[in-house]
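Asker: Before I ask anything, let me first share the structure, which is written out below as structure tokens.
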Amino acid sequence: MSQTDTDAEARSATGEAGITIEELARRTGMTVRNIRAHQSRGLLDPPEVVGRTGFYDEEHIGRIALIRELQEEGFNLEAIRRIIDSARGSSGEVLDFTRLARAPYEDEEPEILEAAELAAPWGEGTLDGEQMKRVEKLGLMRPIGGGRYEILSPKLYAAGVELAEFGVPAAEALAAMERLKARSDAVADVFIQLFVEQIWKPFDQAGRPREEWPRIQEALTRLRPLASDAFLAAFQIAMEEGSERAISEGIRRDIAKAGDPDRA
């Protein structure tokens with residue numbers, strides 16, 4: 001029996017679970033060398049040593065998953081180390097929170113359209129290259145090659161198609177979408193700042209106690225539909241008031257013209 005097997009049996013006899021570095025490498029798809037490199041950079045906690053064998057646990061697996069996801073987001077290893085140092089929570093909790101924060105607010109299945117299909121509602125030649133760039137900048141679509149585009153929000157695209165059916169030119173529809181995006185960003189900031197100031201900062205100042213992580217995640221989860229519902233309700237009120245105001249002003253102008261023959 002090898003020393004590793006003996007150490008594993010000793011650890012098992014005490015009721016403790018753990019895996020060797022080779023098993024950790026297999027389960028995470030990493031090499032043993034890269035795992036050791038993460039340890040030397042302070043990205044991964046050292047294993048618990050029993051006899052002459054180091055044993056790893058689920059926390060190490062979660063930490064490697066967190067590192068990988070942050071790398072995919074474009075963070076370098078030094079930035080990731082600082083994030084981990086400041087997280088003050090288990091890797092699993094931090095990973096769950098970062099996934100939740102990045103998750104889409106509403107599940108829309110993207111659609112793939114050819115450039116000609118995308119421009120068709122506004123008529124041939126009306127959605128030019130400059131306007132296509134504006135659509136991309138708005139985050140409504142992205143090119144995927146071969147003259148095809150992925151429509152990231154089919155609902156917004158459908159709204160644009162309806163505007164085209166009303167006879168709204170593509171340039172005017174895009175300008176409206178850009179104004180809508182700017183105002184939506186401002187509304188989102190209201191709720192994000194509320195979460196940061198009233199929920200996250202007190203949690204952070206308290207040292208991010210581990211037992212409080214579920215409450216923070218639940219608050220972020222509930223904020224999503226709350227923000228959408230509140231924004232929609234406020235928008236509906238604004239539309240009602242705006243429509244009534246515009247119609248009333250139009251009627252007053254008509255009455256004024258009818259009473260003044262020179263303005264007729």
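Identifiers for the structure tokens are assigned positionally: chains receive A, B, ... in sequence, residues are indexed from 1 per chain, and ligands are indexed from 1 in the order shown.
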Do a neighbour search on Lys137 in chain A at 12 Å with only C-alpha atoms, toss out local chain neighbours closer than 4 positions, and write the hits as a list in words.
Answerer: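 Those residues are Glu130, Gln131, Met132, Lys133, Met141, Arg142, Pro143, Leu174, Met177, Glu178 and Lys181 of chain A.
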Asker: For the residues in that selection, give me N, CA and C atoms as a CSV table (one decimal), in the first residue's frame.
Answerer:
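Output (again_33.csv):
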```csv
chain,number,residue,atom,x,y,z
A,130,GLU,N,-23.9,52.5,-41.0
A,130,GLU,CA,-23.8,53.4,-39.8
A,130,GLU,C,-24.9,53.1,-38.8
A,131,GLN,N,-26.1,52.9,-39.3
A,131,GLN,CA,-27.2,52.6,-38.5
A,131,GLN,C,-27.1,51.2,-37.9
A,132,MET,N,-26.5,50.2,-38.6
A,132,MET,CA,-26.2,48.9,-38.1
A,132,MET,C,-25.3,49.0,-36.9
A,133,LYS,N,-24.3,49.8,-37.0
A,133,LYS,CA,-23.3,50.0,-35.9
A,133,LYS,C,-24.0,50.6,-34.7
A,141,MET,N,-28.0,43.6,-30.9
A,141,MET,CA,-27.6,42.5,-31.7
A,141,MET,C,-26.1,42.5,-31.8
A,142,ARG,N,-25.5,41.4,-32.3
A,142,ARG,CA,-24.1,41.3,-32.5
A,142,ARG,C,-23.9,40.4,-33.8
A,143,PRO,N,-22.8,40.8,-34.6
A,143,PRO,CA,-22.5,40.0,-35.8
A,143,PRO,C,-21.9,38.7,-35.4
A,174,LEU,N,-34.3,54.4,-34.3
A,174,LEU,CA,-33.0,54.2,-33.6
A,174,LEU,C,-32.8,55.3,-32.6
A,177,MET,N,-34.8,54.6,-29.6
A,177,MET,CA,-34.2,53.5,-28.8
A,177,MET,C,-33.0,54.0,-28.0
A,178,GLU,N,-32.2,54.9,-28.6
A,178,GLU,CA,-31.1,55.4,-27.9
A,178,GLU,C,-31.5,56.2,-26.7
A,181,LYS,N,-32.7,53.8,-24.1
A,181,LYS,CA,-31.6,53.1,-23.4
A,181,LYS,C,-30.9,54.0,-22.4
```
Asker: Would you mind listing what lies within 12 Å of range 162-168 of chain A as a PDB file with C-alpha atoms, in the first residue's frame, with only C-alpha atoms counted and same-chain residues fewer than 5 positions away left out?
Answerer:
```
ATOM      1  CA  LEU A 118     -32.885  42.524 -40.272  1.00  0.00           C
ATOM      2  CA  ALA A 119     -33.254  45.526 -42.572  1.00  0.00           C
ATOM      3  CA  ALA A 120     -36.382  44.337 -44.397  1.00  0.00           C
ATOM      4  CA  PRO A 121     -39.024  46.052 -42.193  1.00  0.00           C
ATOM      5  CA  TRP A 122     -37.628  49.503 -43.074  1.00  0.00           C
ATOM      6  CA  GLY A 123     -37.300  48.889 -46.787  1.00  0.00           C
ATOM      7  CA  THR A 126     -32.769  52.225 -45.332  1.00  0.00           C
ATOM      8  CA  LEU A 127     -30.778  50.427 -42.592  1.00  0.00           C
ATOM      9  CA  LYS A 155     -38.773  41.767 -27.966  1.00  0.00           C
ATOM     10  CA  LEU A 156     -36.937  45.012 -28.706  1.00  0.00           C
ATOM     11  CA  TYR A 157     -36.458  43.933 -32.306  1.00  0.00           C
ATOM     12  CA  ALA A 173     -36.680  54.554 -34.479  1.00  0.00           C
ATOM     13  CA  LEU A 174     -32.995  54.224 -33.576  1.00  0.00           C
ATOM     14  CA  ALA A 175     -32.926  57.692 -32.050  1.00  0.00           C
ATOM     15  CA  ALA A 176     -35.923  56.737 -29.906  1.00  0.00           C
ATOM     16  CA  MET A 177     -34.224  53.496 -28.833  1.00  0.00           C
TER      17      MET A 177
END
```
Asker: Check the DSSP output for the backbone and give back, as a PyMOL selection string, the residues of range 21-168 of chain A in helix (DSSP H, G or I).
Answerer: chain A and resi 21-28+32-40+58-72+77-87+91-102+115-122+129-137+154-165
Asker: Using only C-alpha atoms, pick whichever of A:Leu24, A:Met239, A:Ile216, A:Ala230 has the shortest atom-to-atom distance to Leu100 in chain A.
Answerer: A:Ile216
Asker: Nearest to Val94 in chain A: which of A:Ala116, A:Leu66, A:Leu77, A:Ile192 is it, counting only C-alpha atoms?
Answerer: A:Leu66
Asker: May I ask for the distance between CA of Arg208 in chain A and CA of Asp57 in chain A, given in Å to one decimal place?
Answerer: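 About the pair CA of Arg208 in chain A and CA of Asp57 in chain A: they are 22.3 Å apart.
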Asker: Enumerate, as a list of chain:residue names, the complete set of residues in range 37-124 of chain A that a backbone-based DSSP assignment places in strand (DSSP E).
Answerer: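 In range 37-124 of chain A, DSSP puts these residues in strand (DSSP E): A:Glu48, A:Val49, A:Val50, A:Thr53, A:Gly54, A:Phe55, A:Glu111, A:Ile112, A:Leu113, A:Glu114.
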Asker: Compile the contact shell of Phe203 in chain A as a PyMOL selection string: residues with an atom at most 10 Å away, counting only C-alpha atoms, same-chain residues fewer than 4 positions apart removed.
Answerer: chain A and resi 196-199+207-209+212-213+215-216
Asker: Could you save the residues just selected, with C-alpha atoms, as an mmCIF file, in the first residue's frame?
Answerer:
```
data_model
loop_
_atom_site.group_PDB
_atom_site.id
_atom_site.type_symbol
_atom_site.label_atom_id
_atom_site.label_comp_id
_atom_site.auth_asym_id
_atom_site.auth_seq_id
_atom_site.Cartn_x
_atom_site.Cartn_y
_atom_site.Cartn_z
ATOM 1 C CA VAL A 196 -25.324 48.958 -2.824
ATOM 2 C CA GLU A 197 -26.004 51.639 -0.207
ATOM 3 C CA GLN A 198 -28.712 49.953 1.839
ATOM 4 C CA ILE A 199 -27.877 46.253 1.560
ATOM 5 C CA GLY A 207 -17.056 41.850 7.446
ATOM 6 C CA ARG A 208 -19.357 39.952 5.071
ATOM 7 C CA PRO A 209 -20.377 37.339 7.660
ATOM 8 C CA GLU A 212 -25.479 36.556 5.835
ATOM 9 C CA TRP A 213 -24.602 35.560 2.257
ATOM 10 C CA ARG A 215 -29.831 37.013 2.675
ATOM 11 C CA ILE A 216 -27.736 39.145 0.294
#
```
Asker: Which of these, A:Leu220, A:Ala182, A:Ala115, A:Ala159, has the shortest distance to Asp96 in chain A once you count only C-alpha atoms?
Answerer: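 Checking each of A:Leu220, A:Ala182, A:Ala115, A:Ala159 against Asp96 in chain A, counting only C-alpha atoms, the winner is A:Leu220.
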Asker: So that I can see what lies close to range 33-36 of chain A, please list as a list in words the residues with an atom at most 12 Å from it, counting only C-alpha atoms and leaving out residues fewer than 4 positions away in the same chain.
Answerer: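 So the residues in contact are Thr20, Ile21, Glu22, Glu23, Leu24, Ala25, Arg26, Arg27, Thr28, Gly29, Ser40, Arg41, Gly42, Leu43, Leu44, Asp45, Pro46, Pro47, Gly54, Tyr56, His60, Ile61, Arg63, Ile64 and Ile67 of chain A.
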Asker: Show which residues sit within 9 Å of Gly139 in chain A, as an NGL selection string. Count only C-alpha atoms, and ignore same-chain residues fewer than 5 positions away.
Answerer: :A and (134 or 152-153)
